[in-house]
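Q: Take this structure first; my questions come after.
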Amino acid sequence: MTTTIRVAGLTHDFGRTRALDDVTFDASPGILGLLGPNGAGKTTLLRILATVLEPDVGSVQLIGRDPDDADERTDIRRRLGYLPQEPGFYRHFRTFDFVDYVAILKEMTDRRVRHDEVRRVLAMVGLADQSRKRIRQLSGGMRRRVGLAQALLGDPDLLILDEPTAGLDPEQRLRFREIVSRVGEDRTVVLSTHQTEDVAALCNRIIVLHEGRIHFDGTAPELARQAQGHVWVDDVRDPRARLSWRTGDGLHRQIGDPPVGAELVAPTIEDAYLLLVGEGANESLAVTP
Amino acid sequence: MTAVTRSLATVEVGRLLRNPFVWLGLGGTTALTLDVSNATDAARGAMIYGLAISFVLLPVLCVIAGVAATRDRPSGTDEFLGSLPRGARWDRARGQLLAIVGFAVFVGLVHAILATVIYPDSGSIALSSGRSVDLDPIHVVQGPYVLAAVTIFCAALGWRYRHPIPAILVPVLLVFTPVAWFVPLGLAPAWDWGDGTSVDAGAFTSMNFLVNYLHLLSYVLIGLALLGRMRDRPRIESALLLLLGLGLFAVGLVSIGFTGAA
């Protein structure tokens, strides 16, 4: 299978803060989910993959090309779709006009072909009937979909999505999953999110970033297994548990080192994620490639 | 010129042509042109001046506000544009400038028509004393072209600093300049300069002084705007643009009516 992303030893600092620390991984067509708390380095990594930021140290290869080389970088950008965390829309533009504007900037100069493509991506994200509305009139969720539409222009080989489901309602999130899963069948999609359900539902591979380092790299079931034997339920809150919350059935779900005889339950990837990056995270669980 | 630049210029022109202010300005220009053809000779010069200064430049204002607003980059836009193929930023700039040049040529043509076809042989502005001030075509066009220069200056600032505020301040000039024109001319007969200078020349001097003063004031406002005092308030900016545009329309009409009746 073709390797779309190849990064090795990526390190990047913002002043005295180390945003990425020796990050190494490869990615092939499919959906790669980046999980991590705020400040974990997800956005920095995505910006490097989107060629808008150069790493201080380390090498990057995208779609078989080197972004350090100007011509190859241009070629990468032609085959890249990027939805930043804050896309910075021109709010006075109409939806269609904005996506059309981006299409021109992506070098789609044939008007008829371009308009067909704009209509296609707007229909894909379910905004065909909103195409004449000004962006400032759209809800936050709709704006995210406009951002997704522009990222999908030209069927990119590499789709990079930073917090794409932020602000989407459940129906919109399901629609988003449908779109991304379709793209991810033969393209590479990298998405960062806080939503473990999205990652579990979509991604065939998950990387958990924490404090700039990779703490886990594997599949969703493998991530869940990280918490095997560390999740139990009880009638009362266990003070020794690292995390504990009362669930809808009145029991307390607890994560940490269980007491002898505890009623262990099957962990979810959310449990494993909390165990990896939550307060008092268990460093021994971290799996680096 | 690349195909991307041409496509962007087409989009920019299309956006400008969809701007209602452009059509308001062109409609106002047409209406006053018809009105001028029925006016007395004494009032015609003033009406043409008012026409030129108040309405023909309005589309230019809209062009610049529109373009400057496109240049205005909300948070995150730079990052987003940075992921697009090489030259996207330069292509945008070139496309926008091309659109401005196209519109400037159009407005220049309108001015040329006004100056050569409609302008009367002996245009004059009627004073409240009953006398009149003869104006040659230079007088008639100097005001609009001073404003055009200031407009271009504002556009350049707006373009450079990616903010529509400088362009939005242009209506301030457009509203105040006719006042600076007509009020001193109307008051001129009461002024005694006492140095042998004619009253009419004094009126023109005071007019120029006021215009320059207002321009200076606008530069200060532009400077304040560039400091970002009104940044991140696009709705207020739009409302301001609308109010000032309508104010300009009303003041233009009132000024012309006042002078024509004098």
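Starting from 1 in every chain, residues are counted up; chains themselves are A, B, ... following the order of the structure tokens, and ligands are numbered from 1 as listed.
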Which of stretch 106-214 of chain A counts as strand (DSSP E) under DSSP, as a list in words please?

A: Leu158, Leu159, Ile160, Leu161, Asp162, Thr188, Val189, Val190, Leu191, Ser192, Thr193, Arg205, Ile206, Ile207, Val208, Leu209, His210, Arg213 and Ile214 of chain A

Q: For the selection just defined, write its residues with C-alpha atoms to a file, as a tab-separated table (two decimals), in the first residue's frame.

A:
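Final file, part-v7.tsv:
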```tsv
chain	number	residue	atom	x	y	z
A	158	LEU	CA	-4.53	13.85	1.34
A	159	LEU	CA	-7.26	15.38	3.47
A	160	ILE	CA	-6.26	17.09	6.70
A	161	LEU	CA	-9.06	18.04	9.07
A	162	ASP	CA	-8.50	19.89	12.31
A	188	THR	CA	-5.59	9.39	3.23
A	189	VAL	CA	-7.52	11.37	5.82
A	190	VAL	CA	-5.91	12.75	8.94
A	191	LEU	CA	-8.29	14.21	11.45
A	192	SER	CA	-7.73	15.58	14.89
A	193	THR	CA	-10.51	15.62	17.40
A	205	ARG	CA	-5.74	3.90	13.04
A	206	ILE	CA	-5.37	6.19	16.06
A	207	ILE	CA	-2.44	8.19	17.35
A	208	VAL	CA	-2.70	9.65	20.83
A	209	LEU	CA	-0.55	12.72	21.29
A	210	HIS	CA	0.21	14.12	24.68
A	213	ARG	CA	4.86	12.99	22.06
A	214	ILE	CA	3.10	9.96	20.66
```

Q: Mind listing as a JSON list (two decimals) with N, CA and C atoms, in the first residue's frame which residues of chain A are within 9 Å of chain B, counting only C-alpha atoms?

A:
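Result file follows (out.json):
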```
[["chain", "number", "residue", "atom", "x", "y", "z"],
["A", 47, "ARG", "N", -0.55, 21.29, 10.93],
["A", 47, "ARG", "CA", -0.05, 22.44, 10.16],
["A", 47, "ARG", "C", 1.22, 22.05, 9.40],
["A", 50, "ALA", "N", 0.11, 20.09, 6.52],
["A", 50, "ALA", "CA", -0.56, 20.94, 5.51],
["A", 50, "ALA", "C", 0.44, 21.89, 4.83],
["A", 51, "THR", "N", 1.69, 21.76, 5.16],
["A", 51, "THR", "CA", 2.80, 22.54, 4.58],
["A", 51, "THR", "C", 2.73, 24.03, 4.92],
["A", 52, "VAL", "N", 2.00, 24.39, 5.97],
["A", 52, "VAL", "CA", 1.97, 25.81, 6.35],
["A", 52, "VAL", "C", 2.99, 26.10, 7.45],
["A", 53, "LEU", "N", 3.59, 25.07, 7.99],
["A", 53, "LEU", "CA", 4.58, 25.25, 9.04],
["A", 53, "LEU", "C", 5.74, 24.28, 8.79],
["A", 70, "ALA", "N", 10.49, 23.64, -3.29],
["A", 70, "ALA", "CA", 9.37, 24.53, -3.66],
["A", 70, "ALA", "C", 8.43, 23.89, -4.68],
["A", 71, "ASP", "N", 9.00, 23.28, -5.72],
["A", 71, "ASP", "CA", 8.14, 22.69, -6.75],
["A", 71, "ASP", "C", 7.34, 21.52, -6.20],
["A", 73, "ARG", "N", 6.58, 21.05, -3.12],
["A", 73, "ARG", "CA", 5.60, 21.57, -2.15],
["A", 73, "ARG", "C", 4.33, 22.03, -2.88],
["A", 74, "THR", "N", 4.53, 22.70, -4.01],
["A", 74, "THR", "CA", 3.38, 23.15, -4.81],
["A", 74, "THR", "C", 2.56, 21.95, -5.26],
["A", 75, "ASP", "N", 3.26, 20.91, -5.67],
["A", 75, "ASP", "CA", 2.56, 19.71, -6.12],
["A", 75, "ASP", "C", 1.77, 19.08, -4.97],
["A", 76, "ILE", "N", 2.38, 19.09, -3.79],
["A", 76, "ILE", "CA", 1.66, 18.56, -2.62],
["A", 76, "ILE", "C", 0.38, 19.37, -2.38],
["A", 77, "ARG", "N", 0.53, 20.70, -2.45],
["A", 77, "ARG", "CA", -0.62, 21.56, -2.16],
["A", 77, "ARG", "C", -1.74, 21.39, -3.17],
["A", 78, "ARG", "N", -1.37, 21.04, -4.38],
["A", 78, "ARG", "CA", -2.40, 20.80, -5.40],
["A", 78, "ARG", "C", -3.21, 19.55, -5.07],
["A", 80, "LEU", "N", -3.80, 18.43, -1.93],
["A", 80, "LEU", "CA", -4.07, 18.48, -0.49],
["A", 80, "LEU", "C", -5.38, 19.22, -0.22],
["A", 81, "GLY", "N", -6.16, 18.71, 0.71],
["A", 81, "GLY", "CA", -7.31, 19.44, 1.20],
["A", 81, "GLY", "C", -7.11, 19.69, 2.68],
["A", 82, "TYR", "N", -7.30, 20.94, 3.11],
["A", 82, "TYR", "CA", -6.99, 21.28, 4.50],
["A", 82, "TYR", "C", -8.13, 22.07, 5.11],
["A", 83, "LEU", "N", -8.61, 21.59, 6.24],
["A", 83, "LEU", "CA", -9.59, 22.35, 7.01],
["A", 83, "LEU", "C", -8.93, 22.74, 8.32],
["A", 84, "PRO", "N", -8.49, 24.01, 8.44],
["A", 84, "PRO", "CA", -7.85, 24.43, 9.69],
["A", 84, "PRO", "C", -8.89, 24.53, 10.81],
["A", 85, "GLN", "N", -8.37, 24.64, 12.01],
["A", 85, "GLN", "CA", -9.26, 24.76, 13.18],
["A", 85, "GLN", "C", -10.11, 26.03, 13.06],
["A", 86, "GLU", "N", -9.48, 27.13, 12.63],
["A", 86, "GLU", "CA", -10.18, 28.40, 12.42],
["A", 86, "GLU", "C", -10.00, 28.79, 10.96],
["A", 87, "PRO", "N", -10.91, 28.40, 10.10],
["A", 87, "PRO", "CA", -10.67, 28.64, 8.67],
["A", 87, "PRO", "C", -10.66, 30.11, 8.29],
["A", 88, "GLY", "N", -11.21, 30.99, 9.09],
["A", 88, "GLY", "CA", -11.17, 32.42, 8.76],
["A", 88, "GLY", "C", -11.92, 32.74, 7.48],
["A", 89, "PHE", "N", -13.19, 32.44, 7.47],
["A", 89, "PHE", "CA", -14.01, 32.69, 6.27],
["A", 89, "PHE", "C", -14.18, 34.17, 6.02],
["A", 90, "TYR", "N", -14.41, 34.50, 4.75],
["A", 90, "TYR", "CA", -14.86, 35.85, 4.43],
["A", 90, "TYR", "C", -16.37, 35.85, 4.64],
["A", 91, "ARG", "N", -16.78, 36.47, 5.72],
["A", 91, "ARG", "CA", -18.16, 36.30, 6.16],
["A", 91, "ARG", "C", -19.19, 36.93, 5.22],
["A", 92, "HIS", "N", -18.74, 37.89, 4.42],
["A", 92, "HIS", "CA", -19.71, 38.55, 3.54],
["A", 92, "HIS", "C", -19.89, 37.79, 2.23],
["A", 93, "PHE", "N", -19.08, 36.75, 2.00],
["A", 93, "PHE", "CA", -19.23, 35.94, 0.80],
["A", 93, "PHE", "C", -20.45, 35.05, 0.93],
["A", 97, "ASP", "N", -20.04, 31.30, -3.53],
["A", 97, "ASP", "CA", -18.96, 32.18, -3.99],
["A", 97, "ASP", "C", -17.66, 31.91, -3.23],
["A", 100, "ASP", "N", -16.24, 28.71, -4.49],
["A", 100, "ASP", "CA", -15.79, 28.99, -5.85],
["A", 100, "ASP", "C", -14.46, 29.75, -5.83],
["A", 101, "TYR", "N", -14.37, 30.70, -4.91],
["A", 101, "TYR", "CA", -13.14, 31.51, -4.77],
["A", 101, "TYR", "C", -11.95, 30.61, -4.42],
["A", 102, "VAL", "N", -12.19, 29.71, -3.47],
["A", 102, "VAL", "CA", -11.12, 28.78, -3.08],
["A", 102, "VAL", "C", -10.77, 27.87, -4.26],
["A", 104, "ILE", "N", -10.84, 28.60, -7.38],
["A", 104, "ILE", "CA", -9.95, 29.34, -8.30],
["A", 104, "ILE", "C", -8.53, 29.32, -7.73],
["A", 105, "LEU", "N", -8.43, 29.57, -6.43],
["A", 105, "LEU", "CA", -7.09, 29.57, -5.82],
["A", 105, "LEU", "C", -6.45, 28.19, -5.86],
["A", 106, "LYS", "N", -7.27, 27.17, -6.05],
["A", 106, "LYS", "CA", -6.72, 25.82, -6.24],
["A", 106, "LYS", "C", -6.50, 25.53, -7.72],
["A", 107, "GLU", "N", -6.47, 26.58, -8.49],
["A", 107, "GLU", "CA", -6.11, 26.52, -9.91],
["A", 107, "GLU", "C", -7.16, 25.85, -10.78],
["A", 108, "MET", "N", -8.41, 25.89, -10.36],
["A", 108, "MET", "CA", -9.48, 25.39, -11.24],
["A", 108, "MET", "C", -9.98, 26.60, -12.03],
["A", 109, "THR", "N", -9.49, 26.77, -13.22],
["A", 109, "THR", "CA", -9.77, 28.02, -13.95],
["A", 109, "THR", "C", -10.90, 27.89, -14.97],
["A", 110, "ASP", "N", -11.25, 26.67, -15.35],
["A", 110, "ASP", "CA", -12.37, 26.51, -16.27],
["A", 110, "ASP", "C", -13.68, 26.71, -15.49],
["A", 111, "ARG", "N", -14.41, 27.78, -15.87],
["A", 111, "ARG", "CA", -15.55, 28.19, -15.06],
["A", 111, "ARG", "C", -16.61, 27.08, -14.92]]
```

Q: Out of stretch 104-197 of chain A, which residues get helix (DSSP H, G or I) from DSSP, as a PyMOL selection string?

A: chain A and resi 104-105+111-124+128-130+135-137+140-152+170-183+196-197

Q: Those selected residues, please, written with N, CA and C atoms and delivered as a compact mmCIF listing (two decimals), in the first residue's frame.

A:
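What ended up in selection.txt:
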```
# COMPACT_ATOMS: atom_id res chain seq x y z
N ILE A 104 -10.84 28.60 -7.38
CA ILE A 104 -9.95 29.34 -8.30
C ILE A 104 -8.53 29.32 -7.73
N LEU A 105 -8.43 29.57 -6.43
CA LEU A 105 -7.09 29.57 -5.82
C LEU A 105 -6.45 28.19 -5.86
N ARG A 111 -14.41 27.78 -15.87
CA ARG A 111 -15.55 28.19 -15.06
C ARG A 111 -16.61 27.08 -14.92
N ARG A 112 -16.92 26.44 -16.04
CA ARG A 112 -17.99 25.44 -16.00
C ARG A 112 -17.58 24.23 -15.14
N VAL A 113 -16.36 23.78 -15.36
CA VAL A 113 -15.87 22.64 -14.58
C VAL A 113 -15.81 22.99 -13.10
N ARG A 114 -15.33 24.22 -12.86
CA ARG A 114 -15.19 24.65 -11.47
C ARG A 114 -16.56 24.72 -10.78
N HIS A 115 -17.52 25.31 -11.45
CA HIS A 115 -18.86 25.43 -10.84
C HIS A 115 -19.48 24.06 -10.60
N ASP A 116 -19.24 23.14 -11.51
CA ASP A 116 -19.74 21.77 -11.30
C ASP A 116 -19.11 21.17 -10.05
N GLU A 117 -17.81 21.42 -9.91
CA GLU A 117 -17.09 20.87 -8.76
C GLU A 117 -17.59 21.50 -7.46
N VAL A 118 -17.83 22.80 -7.50
CA VAL A 118 -18.33 23.49 -6.30
C VAL A 118 -19.70 22.92 -5.92
N ARG A 119 -20.55 22.74 -6.92
CA ARG A 119 -21.87 22.17 -6.64
C ARG A 119 -21.74 20.76 -6.07
N ARG A 120 -20.79 20.00 -6.61
CA ARG A 120 -20.59 18.62 -6.14
C ARG A 120 -20.22 18.60 -4.66
N VAL A 121 -19.22 19.41 -4.28
CA VAL A 121 -18.77 19.35 -2.88
C VAL A 121 -19.83 19.94 -1.94
N LEU A 122 -20.56 20.95 -2.40
CA LEU A 122 -21.61 21.49 -1.54
C LEU A 122 -22.73 20.46 -1.33
N ALA A 123 -23.02 19.71 -2.39
CA ALA A 123 -24.02 18.65 -2.24
C ALA A 123 -23.50 17.56 -1.30
N MET A 124 -22.21 17.28 -1.42
CA MET A 124 -21.61 16.24 -0.57
C MET A 124 -21.77 16.56 0.91
N ALA A 128 -26.24 22.16 -0.47
CA ALA A 128 -26.67 22.59 -1.80
C ALA A 128 -27.77 23.65 -1.71
N ASP A 129 -28.64 23.50 -0.72
CA ASP A 129 -29.76 24.45 -0.61
C ASP A 129 -29.37 25.72 0.14
N GLN A 130 -28.14 25.79 0.59
CA GLN A 130 -27.69 26.99 1.33
C GLN A 130 -26.67 27.78 0.51
N ILE A 135 -22.15 33.67 4.33
CA ILE A 135 -21.53 32.84 5.36
C ILE A 135 -21.87 33.33 6.76
N ARG A 136 -22.00 34.64 6.90
CA ARG A 136 -22.32 35.17 8.24
C ARG A 136 -23.72 34.76 8.69
N GLN A 137 -24.55 34.32 7.75
CA GLN A 137 -25.91 33.90 8.11
C GLN A 137 -25.97 32.42 8.49
N GLY A 140 -22.79 27.78 13.12
CA GLY A 140 -21.41 27.32 13.28
C GLY A 140 -21.18 25.97 12.61
N GLY A 141 -22.16 25.07 12.76
CA GLY A 141 -22.04 23.74 12.16
C GLY A 141 -22.01 23.83 10.64
N MET A 142 -22.84 24.71 10.10
CA MET A 142 -22.86 24.87 8.64
C MET A 142 -21.54 25.44 8.14
N ARG A 143 -20.97 26.35 8.90
CA ARG A 143 -19.67 26.91 8.49
C ARG A 143 -18.59 25.83 8.47
N ARG A 144 -18.67 24.91 9.44
CA ARG A 144 -17.69 23.81 9.44
C ARG A 144 -17.86 23.00 8.16
N ARG A 145 -19.12 22.85 7.75
CA ARG A 145 -19.36 22.07 6.53
C ARG A 145 -18.88 22.81 5.29
N VAL A 146 -18.98 24.14 5.33
CA VAL A 146 -18.42 24.93 4.20
C VAL A 146 -16.91 24.70 4.16
N GLY A 147 -16.30 24.69 5.35
CA GLY A 147 -14.86 24.44 5.42
C GLY A 147 -14.52 23.06 4.88
N LEU A 148 -15.35 22.10 5.23
CA LEU A 148 -15.12 20.74 4.74
C LEU A 148 -15.29 20.70 3.21
N ALA A 149 -16.28 21.43 2.72
CA ALA A 149 -16.53 21.45 1.27
C ALA A 149 -15.30 21.97 0.52
N GLN A 150 -14.74 23.07 0.99
CA GLN A 150 -13.57 23.62 0.28
C GLN A 150 -12.39 22.64 0.36
N ALA A 151 -12.30 21.91 1.48
CA ALA A 151 -11.19 20.95 1.61
C ALA A 151 -11.36 19.78 0.63
N LEU A 152 -12.61 19.48 0.28
CA LEU A 152 -12.87 18.34 -0.60
C LEU A 152 -12.72 18.68 -2.08
N PRO A 170 -25.67 16.09 16.30
CA PRO A 170 -25.52 14.65 16.05
C PRO A 170 -25.77 14.25 14.60
N GLU A 171 -26.81 14.83 13.99
CA GLU A 171 -27.12 14.47 12.61
C GLU A 171 -25.98 14.91 11.67
N GLN A 172 -25.50 16.11 11.92
CA GLN A 172 -24.40 16.62 11.08
C GLN A 172 -23.15 15.77 11.26
N ARG A 173 -22.93 15.29 12.49
CA ARG A 173 -21.74 14.46 12.74
C ARG A 173 -21.85 13.14 12.01
N LEU A 174 -23.05 12.60 11.98
CA LEU A 174 -23.24 11.34 11.25
C LEU A 174 -23.00 11.56 9.76
N ARG A 175 -23.50 12.68 9.26
CA ARG A 175 -23.29 13.00 7.84
C ARG A 175 -21.80 13.18 7.57
N PHE A 176 -21.13 13.85 8.51
CA PHE A 176 -19.68 14.05 8.37
C PHE A 176 -18.96 12.70 8.31
N ARG A 177 -19.36 11.80 9.20
CA ARG A 177 -18.73 10.46 9.21
C ARG A 177 -18.93 9.77 7.86
N GLU A 178 -20.12 9.92 7.33
CA GLU A 178 -20.43 9.28 6.05
C GLU A 178 -19.50 9.83 4.96
N ILE A 179 -19.34 11.15 4.93
CA ILE A 179 -18.50 11.77 3.90
C ILE A 179 -17.05 11.34 4.06
N VAL A 180 -16.54 11.44 5.28
CA VAL A 180 -15.12 11.16 5.51
C VAL A 180 -14.82 9.68 5.28
N SER A 181 -15.75 8.82 5.71
CA SER A 181 -15.48 7.39 5.51
C SER A 181 -15.42 7.07 4.02
N ARG A 182 -16.25 7.77 3.22
CA ARG A 182 -16.24 7.55 1.77
C ARG A 182 -14.90 7.99 1.19
N VAL A 183 -14.44 9.17 1.63
CA VAL A 183 -13.16 9.68 1.12
C VAL A 183 -12.02 8.76 1.56
N THR A 196 -13.87 11.06 21.06
CA THR A 196 -13.42 9.66 20.94
C THR A 196 -14.42 8.81 20.16
N GLU A 197 -15.73 9.22 20.22
CA GLU A 197 -16.73 8.43 19.47
C GLU A 197 -16.48 8.53 17.97
```

Q: Report the distance between atom CA of A:Ala27 and atom CA of A:Gly154 in Å, rounded to one decimal place.

A: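 Calculated distance between atom CA of A:Ala27 and atom CA of A:Gly154 is 21.0 Å.
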
Q: Just how far from atom CA of A:Glu222 is atom CA of A:Asp234, in Å to one decimal?

A: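 These atoms are spaced 25.2 Å apart.
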
Q: Tell me which of A:Val277, A:Val99, A:Ile269, A:Leu202 sits closest to A:Gly184, counting only C-alpha atoms.

A: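 The answer is A:Leu202, which sits nearest to A:Gly184.
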
Q: Could you please determine the separation between atom CA of A:Glu270 and atom CA of A:Asp198 in Å, to one decimal place?

A: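 For atom CA of A:Glu270 relative to atom CA of A:Asp198, the distance reads 10.9 Å.
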